[in-house]
file input-v1.txt (compact mmCIF, N, CA and C atoms)
# COMPACT_ATOMS: atom_id res chain seq x y z
N GLN A 1 -13.70 37.06 100.16
CA GLN A 1 -14.06 36.38 98.92
C GLN A 1 -13.14 35.18 98.70
N VAL A 2 -13.76 34.12 98.21
CA VAL A 2 -13.03 32.90 97.90
C VAL A 2 -13.45 32.47 96.50
N GLN A 3 -12.50 32.05 95.73
CA GLN A 3 -12.78 31.50 94.40
C GLN A 3 -12.41 30.02 94.41
N LEU A 4 -13.28 29.23 93.83
CA LEU A 4 -13.08 27.79 93.73
C LEU A 4 -13.06 27.41 92.26
N VAL A 5 -12.01 26.74 91.84
CA VAL A 5 -11.88 26.35 90.44
C VAL A 5 -11.73 24.84 90.37
N GLU A 6 -12.71 24.21 89.71
CA GLU A 6 -12.71 22.76 89.60
C GLU A 6 -12.12 22.33 88.27
N SER A 7 -11.65 21.11 88.24
CA SER A 7 -11.20 20.50 87.00
C SER A 7 -11.25 18.99 87.15
N GLY A 8 -11.19 18.31 86.02
CA GLY A 8 -11.11 16.87 86.04
C GLY A 8 -12.32 16.13 85.52
N GLY A 9 -13.42 16.83 85.29
CA GLY A 9 -14.59 16.14 84.77
C GLY A 9 -14.36 15.63 83.37
N ASP A 10 -15.02 14.52 83.04
CA ASP A 10 -14.81 13.91 81.73
C ASP A 10 -15.89 12.88 81.48
N LEU A 11 -15.84 12.30 80.30
CA LEU A 11 -16.68 11.16 79.93
C LEU A 11 -15.86 9.89 80.17
N VAL A 12 -16.46 8.95 80.91
CA VAL A 12 -15.74 7.73 81.24
C VAL A 12 -16.72 6.56 81.19
N GLN A 13 -16.20 5.38 80.91
CA GLN A 13 -17.05 4.20 80.90
C GLN A 13 -17.31 3.70 82.32
N ALA A 14 -18.40 3.02 82.48
CA ALA A 14 -18.71 2.44 83.79
C ALA A 14 -17.55 1.55 84.24
N GLY A 15 -17.23 1.66 85.52
CA GLY A 15 -16.11 0.93 86.07
C GLY A 15 -14.81 1.70 86.04
N GLY A 16 -14.80 2.82 85.34
CA GLY A 16 -13.60 3.62 85.24
C GLY A 16 -13.40 4.54 86.42
N SER A 17 -12.37 5.37 86.31
CA SER A 17 -11.98 6.26 87.41
C SER A 17 -11.74 7.68 86.90
N LEU A 18 -11.96 8.63 87.78
CA LEU A 18 -11.64 10.03 87.53
C LEU A 18 -11.16 10.65 88.83
N ARG A 19 -10.37 11.71 88.71
CA ARG A 19 -10.00 12.49 89.87
C ARG A 19 -10.36 13.95 89.61
N LEU A 20 -11.19 14.48 90.47
CA LEU A 20 -11.57 15.89 90.39
C LEU A 20 -10.70 16.70 91.34
N SER A 21 -10.37 17.91 90.91
CA SER A 21 -9.57 18.82 91.73
C SER A 21 -10.33 20.12 91.94
N CYS A 22 -10.13 20.70 93.09
CA CYS A 22 -10.73 22.00 93.40
C CYS A 22 -9.67 22.85 94.08
N ALA A 23 -9.29 23.93 93.42
CA ALA A 23 -8.29 24.83 93.98
C ALA A 23 -8.98 26.08 94.52
N ALA A 24 -8.62 26.44 95.72
CA ALA A 24 -9.21 27.62 96.37
C ALA A 24 -8.21 28.77 96.39
N THR A 25 -8.69 29.95 96.04
CA THR A 25 -7.88 31.15 96.11
C THR A 25 -8.68 32.24 96.80
N GLY A 26 -7.97 33.29 97.23
CA GLY A 26 -8.64 34.39 97.91
C GLY A 26 -8.46 34.28 99.41
N ASN A 27 -9.53 34.53 100.14
CA ASN A 27 -9.49 34.56 101.60
C ASN A 27 -9.54 33.16 102.18
N ILE A 28 -8.51 32.37 101.84
CA ILE A 28 -8.53 30.96 102.20
C ILE A 28 -8.34 30.72 103.68
N PHE A 29 -7.83 31.70 104.40
CA PHE A 29 -7.57 31.51 105.82
C PHE A 29 -8.87 31.42 106.63
N SER A 30 -9.96 31.86 106.04
CA SER A 30 -11.24 31.80 106.74
C SER A 30 -12.12 30.66 106.26
N ILE A 31 -11.57 29.80 105.43
CA ILE A 31 -12.35 28.67 104.92
C ILE A 31 -12.74 27.74 106.05
N ASN A 32 -13.99 27.32 106.04
CA ASN A 32 -14.50 26.36 107.03
C ASN A 32 -14.86 25.08 106.31
N GLY A 33 -13.86 24.23 106.10
CA GLY A 33 -14.10 22.96 105.44
C GLY A 33 -14.29 23.12 103.94
N MET A 34 -14.17 22.03 103.22
CA MET A 34 -14.42 22.02 101.78
C MET A 34 -15.09 20.70 101.42
N GLY A 35 -15.79 20.71 100.32
CA GLY A 35 -16.45 19.48 99.94
C GLY A 35 -16.89 19.48 98.49
N TRP A 36 -17.42 18.36 98.09
CA TRP A 36 -17.95 18.17 96.74
C TRP A 36 -19.43 17.82 96.82
N TYR A 37 -20.19 18.46 95.98
CA TYR A 37 -21.60 18.15 95.78
C TYR A 37 -21.80 17.80 94.31
N ARG A 38 -22.93 17.19 94.01
CA ARG A 38 -23.24 16.90 92.62
C ARG A 38 -24.72 17.10 92.38
N GLN A 39 -25.04 17.40 91.13
CA GLN A 39 -26.42 17.58 90.73
C GLN A 39 -26.65 16.94 89.38
N ALA A 40 -27.51 15.95 89.39
CA ALA A 40 -27.89 15.27 88.16
C ALA A 40 -29.13 15.96 87.59
N PRO A 41 -29.37 15.82 86.29
CA PRO A 41 -30.54 16.47 85.67
C PRO A 41 -31.83 16.08 86.37
N GLY A 42 -32.61 17.07 86.74
CA GLY A 42 -33.90 16.83 87.37
C GLY A 42 -33.83 16.45 88.83
N LYS A 43 -32.64 16.49 89.40
CA LYS A 43 -32.49 16.11 90.81
C LYS A 43 -31.90 17.26 91.61
N GLN A 44 -32.06 17.16 92.93
CA GLN A 44 -31.49 18.17 93.80
C GLN A 44 -29.99 17.96 93.96
N ARG A 45 -29.31 19.04 94.27
CA ARG A 45 -27.89 18.94 94.55
C ARG A 45 -27.70 18.16 95.85
N GLU A 46 -26.73 17.26 95.83
CA GLU A 46 -26.51 16.41 96.98
C GLU A 46 -25.03 16.37 97.35
N LEU A 47 -24.78 16.13 98.64
CA LEU A 47 -23.42 16.02 99.12
C LEU A 47 -22.80 14.73 98.61
N VAL A 48 -21.56 14.84 98.14
CA VAL A 48 -20.78 13.67 97.76
C VAL A 48 -19.79 13.34 98.89
N ALA A 49 -18.98 14.31 99.25
CA ALA A 49 -17.99 14.12 100.31
C ALA A 49 -17.54 15.49 100.79
N ALA A 50 -17.19 15.57 102.06
CA ALA A 50 -16.76 16.84 102.62
C ALA A 50 -15.77 16.60 103.73
N ILE A 51 -14.85 17.54 103.88
CA ILE A 51 -13.84 17.46 104.93
C ILE A 51 -13.91 18.72 105.77
N THR A 52 -13.84 18.54 107.09
CA THR A 52 -13.84 19.69 107.98
C THR A 52 -12.42 20.18 108.21
N ASN A 53 -12.30 21.33 108.84
CA ASN A 53 -10.97 21.87 109.12
C ASN A 53 -10.17 20.96 110.04
N SER A 54 -10.86 20.16 110.83
CA SER A 54 -10.16 19.25 111.74
C SER A 54 -9.81 17.94 111.07
N GLY A 55 -10.21 17.80 109.81
CA GLY A 55 -9.83 16.61 109.06
C GLY A 55 -10.86 15.51 109.01
N ASN A 56 -12.01 15.72 109.61
CA ASN A 56 -13.07 14.71 109.55
C ASN A 56 -13.70 14.71 108.16
N ILE A 57 -13.94 13.53 107.63
CA ILE A 57 -14.48 13.38 106.28
C ILE A 57 -15.81 12.63 106.35
N ASP A 58 -16.78 13.16 105.65
CA ASP A 58 -18.07 12.49 105.49
C ASP A 58 -18.29 12.15 104.03
N TYR A 59 -18.88 10.99 103.79
CA TYR A 59 -19.21 10.54 102.44
C TYR A 59 -20.69 10.23 102.36
N ALA A 60 -21.25 10.48 101.20
CA ALA A 60 -22.60 9.99 100.93
C ALA A 60 -22.55 8.47 100.89
N ASP A 61 -23.62 7.85 101.35
CA ASP A 61 -23.65 6.38 101.37
C ASP A 61 -23.44 5.81 99.98
N SER A 62 -23.91 6.51 98.97
CA SER A 62 -23.85 6.00 97.60
C SER A 62 -22.42 5.95 97.04
N VAL A 63 -21.49 6.64 97.70
CA VAL A 63 -20.12 6.67 97.16
C VAL A 63 -19.11 6.05 98.11
N LYS A 64 -19.54 5.67 99.29
CA LYS A 64 -18.61 5.07 100.26
C LYS A 64 -17.95 3.82 99.67
N GLY A 65 -16.65 3.75 99.86
CA GLY A 65 -15.88 2.62 99.33
C GLY A 65 -15.45 2.81 97.90
N ARG A 66 -15.98 3.82 97.22
CA ARG A 66 -15.60 4.06 95.81
C ARG A 66 -14.90 5.41 95.64
N PHE A 67 -15.30 6.40 96.42
CA PHE A 67 -14.74 7.75 96.31
C PHE A 67 -13.86 8.02 97.52
N THR A 68 -12.77 8.75 97.29
CA THR A 68 -11.87 9.13 98.37
C THR A 68 -11.55 10.61 98.27
N LEU A 69 -11.80 11.32 99.36
CA LEU A 69 -11.52 12.74 99.43
C LEU A 69 -10.16 12.96 100.07
N SER A 70 -9.40 13.88 99.51
CA SER A 70 -8.10 14.21 100.10
C SER A 70 -7.79 15.67 99.83
N GLY A 71 -6.77 16.17 100.52
CA GLY A 71 -6.43 17.57 100.35
C GLY A 71 -4.95 17.81 100.37
N ASP A 72 -4.55 18.90 99.76
CA ASP A 72 -3.15 19.33 99.77
C ASP A 72 -3.15 20.76 100.30
N ASN A 73 -2.80 20.92 101.58
CA ASN A 73 -2.86 22.24 102.19
C ASN A 73 -1.91 23.22 101.52
N ALA A 74 -0.77 22.73 101.07
CA ALA A 74 0.21 23.61 100.44
C ALA A 74 -0.32 24.22 99.15
N LYS A 75 -1.20 23.47 98.48
CA LYS A 75 -1.78 23.94 97.22
C LYS A 75 -3.19 24.46 97.39
N ASN A 76 -3.71 24.43 98.63
CA ASN A 76 -5.09 24.86 98.88
C ASN A 76 -6.05 24.15 97.93
N THR A 77 -5.84 22.88 97.79
CA THR A 77 -6.59 22.09 96.82
C THR A 77 -7.17 20.86 97.50
N VAL A 78 -8.39 20.54 97.12
CA VAL A 78 -9.03 19.31 97.58
C VAL A 78 -9.34 18.46 96.37
N TYR A 79 -9.20 17.17 96.54
CA TYR A 79 -9.40 16.22 95.46
C TYR A 79 -10.48 15.21 95.86
N VAL A 80 -11.11 14.66 94.85
CA VAL A 80 -11.93 13.49 95.08
C VAL A 80 -11.57 12.46 94.01
N GLN A 81 -11.05 11.34 94.47
CA GLN A 81 -10.72 10.22 93.59
C GLN A 81 -11.96 9.35 93.48
N MET A 82 -12.43 9.17 92.28
CA MET A 82 -13.67 8.43 92.05
C MET A 82 -13.36 7.16 91.28
N ASN A 83 -13.56 6.02 91.92
CA ASN A 83 -13.31 4.72 91.30
C ASN A 83 -14.62 3.96 91.12
N SER A 84 -14.55 2.93 90.31
CA SER A 84 -15.73 2.08 90.07
C SER A 84 -16.96 2.93 89.73
N LEU A 85 -16.77 3.86 88.84
CA LEU A 85 -17.85 4.78 88.50
C LEU A 85 -19.04 4.06 87.88
N LYS A 86 -20.22 4.56 88.18
CA LYS A 86 -21.47 3.99 87.70
C LYS A 86 -22.23 5.04 86.89
N PRO A 87 -23.09 4.62 86.00
CA PRO A 87 -23.88 5.61 85.24
C PRO A 87 -24.64 6.57 86.16
N GLU A 88 -25.07 6.10 87.31
CA GLU A 88 -25.80 6.98 88.23
C GLU A 88 -24.91 8.03 88.90
N ASP A 89 -23.61 7.95 88.68
CA ASP A 89 -22.71 9.00 89.16
C ASP A 89 -22.67 10.19 88.19
N THR A 90 -23.31 10.05 87.05
CA THR A 90 -23.35 11.14 86.08
C THR A 90 -24.01 12.37 86.68
N ALA A 91 -23.31 13.49 86.65
CA ALA A 91 -23.82 14.72 87.24
C ALA A 91 -22.80 15.84 87.00
N VAL A 92 -23.23 17.04 87.32
CA VAL A 92 -22.28 18.15 87.43
C VAL A 92 -21.78 18.16 88.87
N TYR A 93 -20.50 18.16 89.03
CA TYR A 93 -19.88 18.13 90.36
C TYR A 93 -19.40 19.53 90.72
N TYR A 94 -19.78 19.96 91.91
CA TYR A 94 -19.47 21.31 92.38
C TYR A 94 -18.61 21.24 93.64
N CYS A 95 -17.61 22.08 93.67
CA CYS A 95 -16.82 22.26 94.88
C CYS A 95 -17.50 23.31 95.75
N HIS A 96 -17.40 23.14 97.05
CA HIS A 96 -18.10 24.04 97.98
C HIS A 96 -17.25 24.31 99.21
N THR A 97 -17.38 25.53 99.71
CA THR A 97 -16.82 25.85 101.01
C THR A 97 -17.67 26.93 101.66
N THR A 98 -17.42 27.13 102.93
CA THR A 98 -18.12 28.16 103.68
C THR A 98 -17.09 29.09 104.30
N VAL A 99 -17.31 30.37 104.15
CA VAL A 99 -16.41 31.36 104.72
C VAL A 99 -17.26 32.37 105.49
N LEU A 100 -17.04 32.43 106.79
CA LEU A 100 -17.75 33.38 107.65
C LEU A 100 -19.25 33.30 107.44
N GLY A 101 -19.73 32.08 107.28
CA GLY A 101 -21.17 31.87 107.15
C GLY A 101 -21.72 31.97 105.75
N PHE A 102 -20.89 32.32 104.80
CA PHE A 102 -21.34 32.43 103.41
C PHE A 102 -20.89 31.20 102.61
N ASP A 103 -21.77 30.73 101.75
CA ASP A 103 -21.47 29.59 100.89
C ASP A 103 -20.80 30.06 99.61
N TYR A 104 -19.77 29.33 99.21
CA TYR A 104 -19.10 29.59 97.94
C TYR A 104 -19.11 28.30 97.12
N TRP A 105 -19.36 28.46 95.83
CA TRP A 105 -19.43 27.32 94.92
C TRP A 105 -18.51 27.54 93.73
N GLY A 106 -17.95 26.44 93.24
CA GLY A 106 -17.25 26.49 91.99
C GLY A 106 -18.21 26.51 90.83
N GLN A 107 -17.67 26.56 89.63
CA GLN A 107 -18.51 26.65 88.43
C GLN A 107 -19.08 25.31 88.02
N GLY A 108 -18.54 24.24 88.56
CA GLY A 108 -19.03 22.91 88.24
C GLY A 108 -18.21 22.25 87.15
N THR A 109 -18.10 20.94 87.23
CA THR A 109 -17.42 20.17 86.21
C THR A 109 -18.25 18.93 85.91
N GLN A 110 -18.45 18.66 84.64
CA GLN A 110 -19.34 17.58 84.22
C GLN A 110 -18.64 16.23 84.27
N VAL A 111 -19.29 15.29 84.92
CA VAL A 111 -18.86 13.89 84.92
C VAL A 111 -19.96 13.08 84.26
N THR A 112 -19.60 12.36 83.22
CA THR A 112 -20.55 11.52 82.51
C THR A 112 -20.01 10.10 82.47
N VAL A 113 -20.81 9.17 82.97
CA VAL A 113 -20.41 7.77 83.01
C VAL A 113 -21.31 7.00 82.06
N SER A 114 -20.72 6.41 81.05
CA SER A 114 -21.51 5.66 80.07
C SER A 114 -21.57 4.20 80.47
N SER A 115 -22.70 3.58 80.13
CA SER A 115 -22.89 2.17 80.50
C SER A 115 -22.35 1.25 79.43
call {"tool": "encode", "arguments": {"input": "input-v1.txt", "output": "structure tokens"}}
result
Amino acid sequence: QVQLVESGGDLVQAGGSLRLSCAATGNIFSINGMGWYRQAPGKQRELVAAITNSGNIDYADSVKGRFTLSGDNAKNTVYVQMNSLKPEDTAVYYCHTTVLGFDYWGQGTQVTVSS
């Protein structure tokens, strides 16, 4: 079992910045990568950014150059720094990992970008 706890969501004006954090606890030694997804109202959940155990990072095209994923192994925490936020970034952001083939999700944190 793995627990993922997100924080950092907020209301921000367009052009602003936020940093989301995701702390993993539990059976962290079996974690296979971590990442962030988001889901806007009426839309499917989509990948924002993800990092593999080997350190490779993938970004959605819509966030490249604006979002930066990073991690702190000592804290078992992954971050996403979000700059130049746009109203279309408004969504619930979820942390995700896979352990032994099972998907684990955080509870989600709301990011709202006002125009």
call {"tool": "closest_residue", "arguments": {"input": "input-v1.txt", "among": "A:Leu69, A:Ala91, A:Val99, A:Leu85", "to": "Gly15 (chain A)", "atoms": "all atoms listed in the file"}}
result
A:Leu85
call {"tool": "closest_residue", "arguments": {"input": "input-v1.txt", "among": "A:Thr98, A:Ser115, A:Thr109, A:Ser84", "to": "Ile51 (chain A)", "atoms": "only C-alpha atoms"}}
result
A:Thr98
call {"tool": "closest_residue", "arguments": {"input": "input-v1.txt", "among": "A:Gln1, A:Pro87, A:Leu18, A:Leu47", "to": "Ala60 (chain A)", "atoms": "only N, CA and C atoms"}}
result
A:Leu47
call {"tool": "atom_distance", "arguments": {"input": "input-v1.txt", "atom1": "CA of Arg45 (chain A)", "atom2": "atom N of Gly106 (chain A)"}}
result
12.5 Å
call {"tool": "atom_distance", "arguments": {"input": "input-v1.txt", "atom1": "CA of Arg66 (chain A)", "atom2": "CA of Leu20 (chain A)"}}
result
13.6 Å
call {"tool": "closest_residue", "arguments": {"input": "input-v1.txt", "among": "A:Asn76, A:Asn53, A:Thr68, A:Thr90", "to": "Ala40 (chain A)", "atoms": "all atoms listed in the file"}}
result
A:Thr90
call {"tool": "atom_distance", "arguments": {"input": "input-v1.txt", "atom1": "atom N of Asp103 (chain A)", "atom2": "atom C of Gly33 (chain A)"}}
result
10.9 Å
call {"tool": "closest_residue", "arguments": {"input": "input-v1.txt", "among": "A:Phe67, A:Leu100, A:Ser21, A:Asn32", "to": "Val48 (chain A)", "atoms": "all atoms listed in the file"}}
result
A:Phe67
call {"tool": "residues_around", "arguments": {"input": "input-v1.txt", "residues": "Val113 (chain A)", "least_positions_apart": "6", "cutoff": "6 Å", "atoms": "all atoms listed in the file", "output": "ChimeraX atom specification"}}
result
/A:11-14,86-87,89-90
call {"tool": "axis_aligned_box", "arguments": {"input": "input-v1.txt", "around": "region 80-98 of chain A", "padding_each_side": "8 Å", "output": "lines of an AutoDock Vina configuration file"}}
result
center_x = -18.3
center_y = 15.6
center_z = 94.8
size_x = 31.1
size_y = 43.0
size_z = 35.1
call {"tool": "select_by_dssp", "arguments": {"input": "input-v1.txt", "residues": "region 1-93 of chain A", "states": "helix (DSSP H, G or I)", "output": "count of residues only"}}
result
9
call {"tool": "closest_residue", "arguments": {"input": "input-v1.txt", "among": "A:Asp10, A:Ala23, A:Pro41, A:Phe102", "to": "Tyr79 (chain A)", "atoms": "all atoms listed in the file"}}
result
A:Ala23
call {"tool": "residues_near_point", "arguments": {"input": "input-v1.txt", "point": "(-8.1, 17.8, 105.2)", "cutoff": "7 Å", "atoms": "all atoms listed in the file", "output": "ChimeraX atom specification"}}
result
/A:51-56,70-72
call {"tool": "write_last_selection", "arguments": {"input": "input-v1.txt", "atoms": "N, CA and C atoms", "output": "PDB file, in the coordinates of the input"}}
result
ATOM      1  N   ILE A  51     -14.850  17.540 103.880  1.00  0.00           N
ATOM      2  CA  ILE A  51     -13.840  17.460 104.930  1.00  0.00           C
ATOM      3  C   ILE A  51     -13.910  18.720 105.770  1.00  0.00           C
ATOM      4  N   THR A  52     -13.840  18.540 107.090  1.00  0.00           N
ATOM      5  CA  THR A  52     -13.840  19.690 107.980  1.00  0.00           C
ATOM      6  C   THR A  52     -12.420  20.180 108.210  1.00  0.00           C
ATOM      7  N   ASN A  53     -12.300  21.330 108.840  1.00  0.00           N
ATOM      8  CA  ASN A  53     -10.970  21.870 109.120  1.00  0.00           C
ATOM      9  C   ASN A  53     -10.170  20.960 110.040  1.00  0.00           C
ATOM     10  N   SER A  54     -10.860  20.160 110.830  1.00  0.00           N
ATOM     11  CA  SER A  54     -10.160  19.250 111.740  1.00  0.00           C
ATOM     12  C   SER A  54      -9.810  17.940 111.070  1.00  0.00           C
ATOM     13  N   GLY A  55     -10.210  17.800 109.810  1.00  0.00           N
ATOM     14  CA  GLY A  55      -9.830  16.610 109.060  1.00  0.00           C
ATOM     15  C   GLY A  55     -10.860  15.510 109.010  1.00  0.00           C
ATOM     16  N   ASN A  56     -12.010  15.720 109.610  1.00  0.00           N
ATOM     17  CA  ASN A  56     -13.070  14.710 109.550  1.00  0.00           C
ATOM     18  C   ASN A  56     -13.700  14.710 108.160  1.00  0.00           C
ATOM     19  N   SER A  70      -9.400  13.880  99.510  1.00  0.00           N
ATOM     20  CA  SER A  70      -8.100  14.210 100.100  1.00  0.00           C
ATOM     21  C   SER A  70      -7.790  15.670  99.830  1.00  0.00           C
ATOM     22  N   GLY A  71      -6.770  16.170 100.520  1.00  0.00           N
ATOM     23  CA  GLY A  71      -6.430  17.570 100.350  1.00  0.00           C
ATOM     24  C   GLY A  71      -4.950  17.810 100.370  1.00  0.00           C
ATOM     25  N   ASP A  72      -4.550  18.900  99.760  1.00  0.00           N
ATOM     26  CA  ASP A  72      -3.150  19.330  99.770  1.00  0.00           C
ATOM     27  C   ASP A  72      -3.150  20.760 100.300  1.00  0.00           C
TER      28      ASP A  72
END
call {"tool": "residues_around", "arguments": {"input": "input-v1.txt", "residues": "region 94-96 of chain A", "least_positions_apart": "5", "cutoff": "6.5 Å", "atoms": "all atoms listed in the file", "output": "VMD selection string"}}
result
chain A and resid 6 22 33 to 39 104 to 109
call {"tool": "select_by_dssp", "arguments": {"input": "input-v1.txt", "residues": "chain A", "states": "strand (DSSP E)", "output": "VMD selection string"}}
result
chain A and resid 2 to 7 11 to 13 18 to 26 31 to 39 46 to 51 57 to 59 67 to 72 77 to 82 91 to 99 102 to 105 109 to 114
call {"tool": "residues_around", "arguments": {"input": "input-v1.txt", "residues": "Tyr59 (chain A)", "least_positions_apart": "5", "cutoff": "7 Å", "atoms": "only C-alpha atoms", "output": "list of chain:residue names"}}
result
A:Val48, A:Ala49, A:Ala50, A:Lys64
call {"tool": "build_atoms", "arguments": {"input": "input-v1.txt", "residues": "region 11-20 of chain A", "atoms": "all heavy atoms", "output": "PDB file, in the frame of the given file"}}
result
ATOM      1  N   LEU A  11     -15.840  12.300  80.300  1.00  0.00           N
ATOM      2  CA  LEU A  11     -16.680  11.160  79.930  1.00  0.00           C
ATOM      3  C   LEU A  11     -15.860   9.890  80.170  1.00  0.00           C
ATOM      4  O   LEU A  11     -14.736   9.768  79.683  1.00  0.00           O
ATOM      5  CB  LEU A  11     -17.095  11.263  78.466  1.00  0.00           C
ATOM      6  CG  LEU A  11     -17.773  10.043  77.852  1.00  0.00           C
ATOM      7  CD1 LEU A  11     -19.112   9.770  78.526  1.00  0.00           C
ATOM      8  CD2 LEU A  11     -17.952  10.246  76.347  1.00  0.00           C
ATOM      9  N   VAL A  12     -16.460   8.950  80.910  1.00  0.00           N
ATOM     10  CA  VAL A  12     -15.740   7.730  81.240  1.00  0.00           C
ATOM     11  C   VAL A  12     -16.720   6.560  81.190  1.00  0.00           C
ATOM     12  O   VAL A  12     -17.930   6.746  81.404  1.00  0.00           O
ATOM     13  CB  VAL A  12     -15.072   7.845  82.627  1.00  0.00           C
ATOM     14  CG1 VAL A  12     -16.121   8.002  83.725  1.00  0.00           C
ATOM     15  CG2 VAL A  12     -14.151   6.679  82.910  1.00  0.00           C
ATOM     16  N   GLN A  13     -16.200   5.380  80.910  1.00  0.00           N
ATOM     17  CA  GLN A  13     -17.050   4.200  80.900  1.00  0.00           C
ATOM     18  C   GLN A  13     -17.310   3.700  82.320  1.00  0.00           C
ATOM     19  O   GLN A  13     -16.497   3.945  83.234  1.00  0.00           O
ATOM     20  CB  GLN A  13     -16.409   3.095  80.087  1.00  0.00           C
ATOM     21  CG  GLN A  13     -16.407   3.350  78.582  1.00  0.00           C
ATOM     22  CD  GLN A  13     -15.926   2.145  77.794  1.00  0.00           C
ATOM     23  OE1 GLN A  13     -15.179   1.328  78.299  1.00  0.00           O
ATOM     24  NE2 GLN A  13     -16.367   2.051  76.547  1.00  0.00           N
ATOM     25  N   ALA A  14     -18.400   3.020  82.480  1.00  0.00           N
ATOM     26  CA  ALA A  14     -18.710   2.440  83.790  1.00  0.00           C
ATOM     27  C   ALA A  14     -17.550   1.550  84.240  1.00  0.00           C
ATOM     28  O   ALA A  14     -16.973   0.812  83.440  1.00  0.00           O
ATOM     29  CB  ALA A  14     -19.996   1.626  83.704  1.00  0.00           C
ATOM     30  N   GLY A  15     -17.230   1.660  85.520  1.00  0.00           N
ATOM     31  CA  GLY A  15     -16.110   0.930  86.070  1.00  0.00           C
ATOM     32  C   GLY A  15     -14.810   1.700  86.040  1.00  0.00           C
ATOM     33  O   GLY A  15     -13.818   1.282  86.662  1.00  0.00           O
ATOM     34  N   GLY A  16     -14.800   2.820  85.340  1.00  0.00           N
ATOM     35  CA  GLY A  16     -13.600   3.620  85.240  1.00  0.00           C
ATOM     36  C   GLY A  16     -13.400   4.540  86.420  1.00  0.00           C
ATOM     37  O   GLY A  16     -14.155   4.514  87.402  1.00  0.00           O
ATOM     38  N   SER A  17     -12.370   5.370  86.310  1.00  0.00           N
ATOM     39  CA  SER A  17     -11.980   6.260  87.410  1.00  0.00           C
ATOM     40  C   SER A  17     -11.740   7.680  86.900  1.00  0.00           C
ATOM     41  O   SER A  17     -11.362   7.875  85.739  1.00  0.00           O
ATOM     42  CB  SER A  17     -10.703   5.763  88.086  1.00  0.00           C
ATOM     43  OG  SER A  17     -10.872   4.490  88.652  1.00  0.00           O
ATOM     44  N   LEU A  18     -11.960   8.630  87.780  1.00  0.00           N
ATOM     45  CA  LEU A  18     -11.640  10.030  87.530  1.00  0.00           C
ATOM     46  C   LEU A  18     -11.160  10.650  88.830  1.00  0.00           C
ATOM     47  O   LEU A  18     -11.548  10.195  89.910  1.00  0.00           O
ATOM     48  CB  LEU A  18     -12.854  10.814  87.031  1.00  0.00           C
ATOM     49  CG  LEU A  18     -13.313  10.633  85.594  1.00  0.00           C
ATOM     50  CD1 LEU A  18     -14.612  11.415  85.372  1.00  0.00           C
ATOM     51  CD2 LEU A  18     -12.254  11.088  84.606  1.00  0.00           C
ATOM     52  N   ARG A  19     -10.370  11.710  88.710  1.00  0.00           N
ATOM     53  CA  ARG A  19     -10.000  12.490  89.870  1.00  0.00           C
ATOM     54  C   ARG A  19     -10.360  13.950  89.610  1.00  0.00           C
ATOM     55  O   ARG A  19      -9.887  14.543  88.639  1.00  0.00           O
ATOM     56  CB  ARG A  19      -8.521  12.383  90.218  1.00  0.00           C
ATOM     57  CG  ARG A  19      -8.197  13.039  91.554  1.00  0.00           C
ATOM     58  CD  ARG A  19      -6.742  12.913  91.962  1.00  0.00           C
ATOM     59  NE  ARG A  19      -5.885  13.867  91.290  1.00  0.00           N
ATOM     60  CZ  ARG A  19      -4.702  14.280  91.759  1.00  0.00           C
ATOM     61  NH1 ARG A  19      -4.265  13.810  92.917  1.00  0.00           N
ATOM     62  NH2 ARG A  19      -3.970  15.130  91.079  1.00  0.00           N
ATOM     63  N   LEU A  20     -11.190  14.480  90.470  1.00  0.00           N
ATOM     64  CA  LEU A  20     -11.570  15.890  90.390  1.00  0.00           C
ATOM     65  C   LEU A  20     -10.700  16.700  91.340  1.00  0.00           C
ATOM     66  O   LEU A  20     -10.366  16.240  92.432  1.00  0.00           O
ATOM     67  CB  LEU A  20     -13.038  16.087  90.752  1.00  0.00           C
ATOM     68  CG  LEU A  20     -14.061  15.268  89.972  1.00  0.00           C
ATOM     69  CD1 LEU A  20     -15.478  15.651  90.423  1.00  0.00           C
ATOM     70  CD2 LEU A  20     -13.902  15.435  88.489  1.00  0.00           C
TER      71      LEU A  20
END
